[in-house]
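Engineer: Can you keep this structure in mind? I'll have questions shortly.
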Amino acid sequence: MNFTSILSIAGWAALGLLVLYVFYVVSMRAQGRSIRISVAVVVLLLVAGIGLIALAAGLVFVPAEERAVVVSLVQQGGLRPEPLQPGLHWIIPFAETVVPYSIANQTYTMSAVATEGQVLGDDSIEARTSDGQQVRIDASVVFRADPEDVINLHIKWQGRYLDGVVRPAARGIIRDIISQYGVEEVYSSQRDEVRLQIQDRMGEVFSTQGLELVGFILRNVAFTEEYARSIEQKQIAEQDALRAEFLVQQQKQESERVRVEAQGERDAEITRAEGDARATVLRAEAEAEALRLISAAIAANPDLLTYRYIERLSPTIRTALLPSEAPFILDINSLLPSSAATPAPQPSPTPEATPTP
């Protein structure tokens with residue numbers, strides 16, 4: 001109960017007391033008692049009642065979440081040109097009245113779930129896409145009265161803007177925008193774009209009617225049972241295709257792994273073969289160089305072969321047979337190293353004859 005209501009109750013209470021007082025005086029006189037009516041009491045109660053009622057009718061308190069339209073008998077057009085802002089205001093009693101409008105956010109929901117929306121039962125929006133598919137849209141519209149344009153709202157709709165603007169405008173705009181997109185775009189790839197287009201169009205319409213759109217929520221997109229089954233089958237087919245593609249990719253990876261391993265083994269064999277060939281070449285070159293050096297040494301010293309031959313003979317051999325044309329016989333010990341030479345046996349000494357005395 002606000003302050004103006006208290007004043008109004010007090011005023012009507014004073015008038016009620018005045019009536020009771022007059023009734024009391026009349027009843028006493030009917031019983032033969034001489035009671036004079038007190039003019040002062042009557043005037044006091046009358047002035048108090050009318051004054052309090054008038055004061056209550058003239059004082060208006062507007063809460064912060066409201067704006068008030070003043071309907072006036074003395075203003076041209078029947079309305080004050082500006083709404084009352086939050087706070088305490090004075091209007092002309094009995095010649096002006098106020099109509100409050102809430103500027104708080106309001107939500108209007110249209111849903112297939114019976115208990116969610118403002119209308120009981122299935123209140124979703126039926127729409128048809130550009131490819132001929134029928135869809136059902138659940139949506140919520142968040143809006144409020146424009147604080148600066150409540151006069152326009154009152155003139156056009158007064159308290160009927162929910163059924164006069166919000167509901168029909170929302171449903172019509174949703175159907176119009178949905179018809180510009182394919183069904184797959186509505187529920188997947190272009191869903192957010194669809195929502196933004198509906199929100200922009202709805203904001204333009206609301207702004208001309210004294211309303212301000214706060215937001216639009218595209219809650220759900222439902223399809224017919226036939227199309228829902230086709231979507232499910234398509235998703236299953238896509239999953240099977242992805243699975244097959246994965247298996248093919250896996251086989252390719254396995255084949256690539258085997259190929260790489262075979263390539264590695266082949267490269268290793270080639271490397272080993274090249275190493276062996278290189279080693280053989282190096283050995284042959286080394287042997288050729290050794291033979292060249294030996295040939296050069298023999299050419300420089302022809303007796304070297306004879307020396308090497310004698311050197312490899314068994315150390316037990318003391319005599320060597322030379323070709324018949326050789327003019328001499330060599331002493332084998334003279335050709336052997338000093339450590340291997342065996343000294344020639346010396347003849348045992350002959351005892352000297354003892355002279356006979």
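By order of appearance in the structure tokens: chains A, B, ..., then residues from 1 within every chain, and ligands from 1 in the order shown.
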Using only C-alpha atoms, which protein or nucleic acid residues come within 12 Å of range 168-172 of chain A? Drop anything in the same chain fewer than 6 positions from it, and give the result as a PDB file with C-alpha atoms, in the first residue's frame.

Structural biologist:
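Contents of out-v6.pdb, freshly written:
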```pdb
ATOM      1  CA  TYR A 108       7.056 -13.818 -24.687  1.00  0.00           C
ATOM      2  CA  THR A 109       7.614 -17.513 -25.419  1.00  0.00           C
ATOM      3  CA  MET A 110       6.097 -19.602 -28.198  1.00  0.00           C
ATOM      4  CA  SER A 111       6.849 -23.277 -27.678  1.00  0.00           C
ATOM      5  CA  ASP A 123       2.246 -22.743 -29.671  1.00  0.00           C
ATOM      6  CA  SER A 124       5.298 -23.322 -31.884  1.00  0.00           C
ATOM      7  CA  ILE A 125       5.566 -21.542 -35.250  1.00  0.00           C
ATOM      8  CA  GLU A 126       5.097 -23.636 -38.378  1.00  0.00           C
ATOM      9  CA  ALA A 127       7.276 -22.456 -41.245  1.00  0.00           C
ATOM     10  CA  ARG A 136       8.409 -26.040 -36.264  1.00  0.00           C
ATOM     11  CA  ILE A 137      10.180 -23.237 -34.450  1.00  0.00           C
ATOM     12  CA  ASP A 138      10.274 -22.650 -30.686  1.00  0.00           C
ATOM     13  CA  ALA A 139      11.274 -19.069 -29.882  1.00  0.00           C
ATOM     14  CA  SER A 140      11.298 -16.448 -27.155  1.00  0.00           C
ATOM     15  CA  VAL A 141      11.083 -12.675 -27.644  1.00  0.00           C
ATOM     16  CA  VAL A 142      12.618 -10.471 -24.938  1.00  0.00           C
ATOM     17  CA  PHE A 143      11.334  -6.885 -25.100  1.00  0.00           C
ATOM     18  CA  ARG A 160      -2.996  -4.789 -25.980  1.00  0.00           C
ATOM     19  CA  TYR A 161       0.544  -4.756 -27.346  1.00  0.00           C
ATOM     20  CA  LEU A 162       1.253  -8.409 -26.478  1.00  0.00           C
ATOM     21  CA  ILE A 178      12.848 -19.132 -42.546  1.00  0.00           C
ATOM     22  CA  SER A 179      11.448 -19.284 -46.082  1.00  0.00           C
ATOM     23  CA  ARG A 195      18.490 -15.695 -35.716  1.00  0.00           C
ATOM     24  CA  ILE A 198      14.911 -12.273 -37.390  1.00  0.00           C
ATOM     25  CA  GLN A 199      16.193 -10.154 -34.507  1.00  0.00           C
ATOM     26  CA  ASP A 200      17.079  -7.198 -36.756  1.00  0.00           C
ATOM     27  CA  ARG A 201      13.744  -7.249 -38.588  1.00  0.00           C
ATOM     28  CA  MET A 202      11.791  -7.590 -35.369  1.00  0.00           C
ATOM     29  CA  GLY A 203      13.689  -4.711 -33.769  1.00  0.00           C
ATOM     30  CA  GLU A 204      12.736  -2.443 -36.657  1.00  0.00           C
ATOM     31  CA  VAL A 205       9.048  -3.318 -36.343  1.00  0.00           C
ATOM     32  CA  PHE A 206       8.970  -2.963 -32.559  1.00  0.00           C
ATOM     33  CA  SER A 207      10.653   0.451 -32.645  1.00  0.00           C
ATOM     34  CA  THR A 208       7.754   1.897 -34.683  1.00  0.00           C
ATOM     35  CA  GLN A 209       5.213   0.692 -32.123  1.00  0.00           C
ATOM     36  CA  LEU A 211       8.504  -1.161 -27.997  1.00  0.00           C
ATOM     37  CA  LEU A 213      13.502  -5.419 -28.615  1.00  0.00           C
ATOM     38  CA  GLY A 215      16.818 -10.019 -27.768  1.00  0.00           C
ATOM     39  CA  PHE A 216      15.478 -12.925 -29.788  1.00  0.00           C
ATOM     40  CA  ILE A 217      16.114 -16.554 -28.792  1.00  0.00           C
ATOM     41  CA  LEU A 218      15.749 -19.352 -31.355  1.00  0.00           C
TER      42      LEU A 218
END
```

Engineer: Point out the residue among A:Glu65, A:Glu274, A:Glu184, A:Glu289 with the least atom-to-atom distance to Phe223 in chain A, counting only C-alpha atoms.

Structural biologist: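 Using only C-alpha atoms, the shortest distance to Phe223 in chain A belongs to A:Glu184.
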
Engineer: Would you return as an NGL selection string the members of range 174-324 of chain A that DSSP assigns to strand (DSSP E or B) on this structure's backbone?

Structural biologist: :A and (211-223)

Engineer: Save the residues we just selected, N, CA and C atoms, as a CSV table (one decimal), in the first residue's frame?

Structural biologist:
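File again39.csv, as written:
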```
chain,number,residue,atom,x,y,z
A,211,LEU,N,7.9,-0.1,-28.7
A,211,LEU,CA,8.5,-1.2,-28.0
A,211,LEU,C,10.0,-1.2,-28.3
A,212,GLU,N,10.7,-1.8,-27.5
A,212,GLU,CA,12.2,-2.0,-27.7
A,212,GLU,C,12.6,-3.4,-27.6
A,213,LEU,N,13.1,-4.0,-28.6
A,213,LEU,CA,13.5,-5.4,-28.6
A,213,LEU,C,14.8,-5.6,-27.9
A,214,VAL,N,14.8,-6.4,-26.9
A,214,VAL,CA,16.1,-6.7,-26.1
A,214,VAL,C,16.8,-7.8,-26.7
A,215,GLY,N,16.1,-8.9,-27.2
A,215,GLY,CA,16.8,-10.0,-27.8
A,215,GLY,C,15.8,-11.0,-28.3
A,216,PHE,N,16.3,-11.9,-29.2
A,216,PHE,CA,15.5,-12.9,-29.8
A,216,PHE,C,16.2,-14.2,-29.6
A,217,ILE,N,15.5,-15.3,-29.1
A,217,ILE,CA,16.1,-16.6,-28.8
A,217,ILE,C,15.4,-17.6,-29.7
A,218,LEU,N,16.2,-18.2,-30.5
A,218,LEU,CA,15.7,-19.4,-31.4
A,218,LEU,C,16.0,-20.6,-30.5
A,219,ARG,N,14.9,-21.1,-29.9
A,219,ARG,CA,15.1,-22.1,-28.9
A,219,ARG,C,15.2,-23.5,-29.5
A,220,ASN,N,14.4,-23.8,-30.5
A,220,ASN,CA,14.5,-25.2,-31.1
A,220,ASN,C,14.0,-25.2,-32.5
A,221,VAL,N,14.5,-26.1,-33.3
A,221,VAL,CA,14.0,-26.3,-34.7
A,221,VAL,C,13.7,-27.8,-34.8
A,222,ALA,N,12.4,-28.1,-35.0
A,222,ALA,CA,11.9,-29.4,-35.1
A,222,ALA,C,11.4,-29.7,-36.6
A,223,PHE,N,11.5,-31.0,-37.0
A,223,PHE,CA,11.2,-31.4,-38.3
A,223,PHE,C,10.1,-32.4,-38.3
```

Engineer: So which bits of range 20-87 of chain A end up helix (DSSP H, G or I) when you DSSP the backbone, as number ranges by chain?

Structural biologist: A: 20-30, 39-58

Engineer: Suppose you want the space between CA of Asp146 in chain A and CA of Glu66 in chain A; what is it in Å?

Structural biologist: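 Going from CA of Asp146 in chain A over to CA of Glu66 in chain A covers 10.5 Å.
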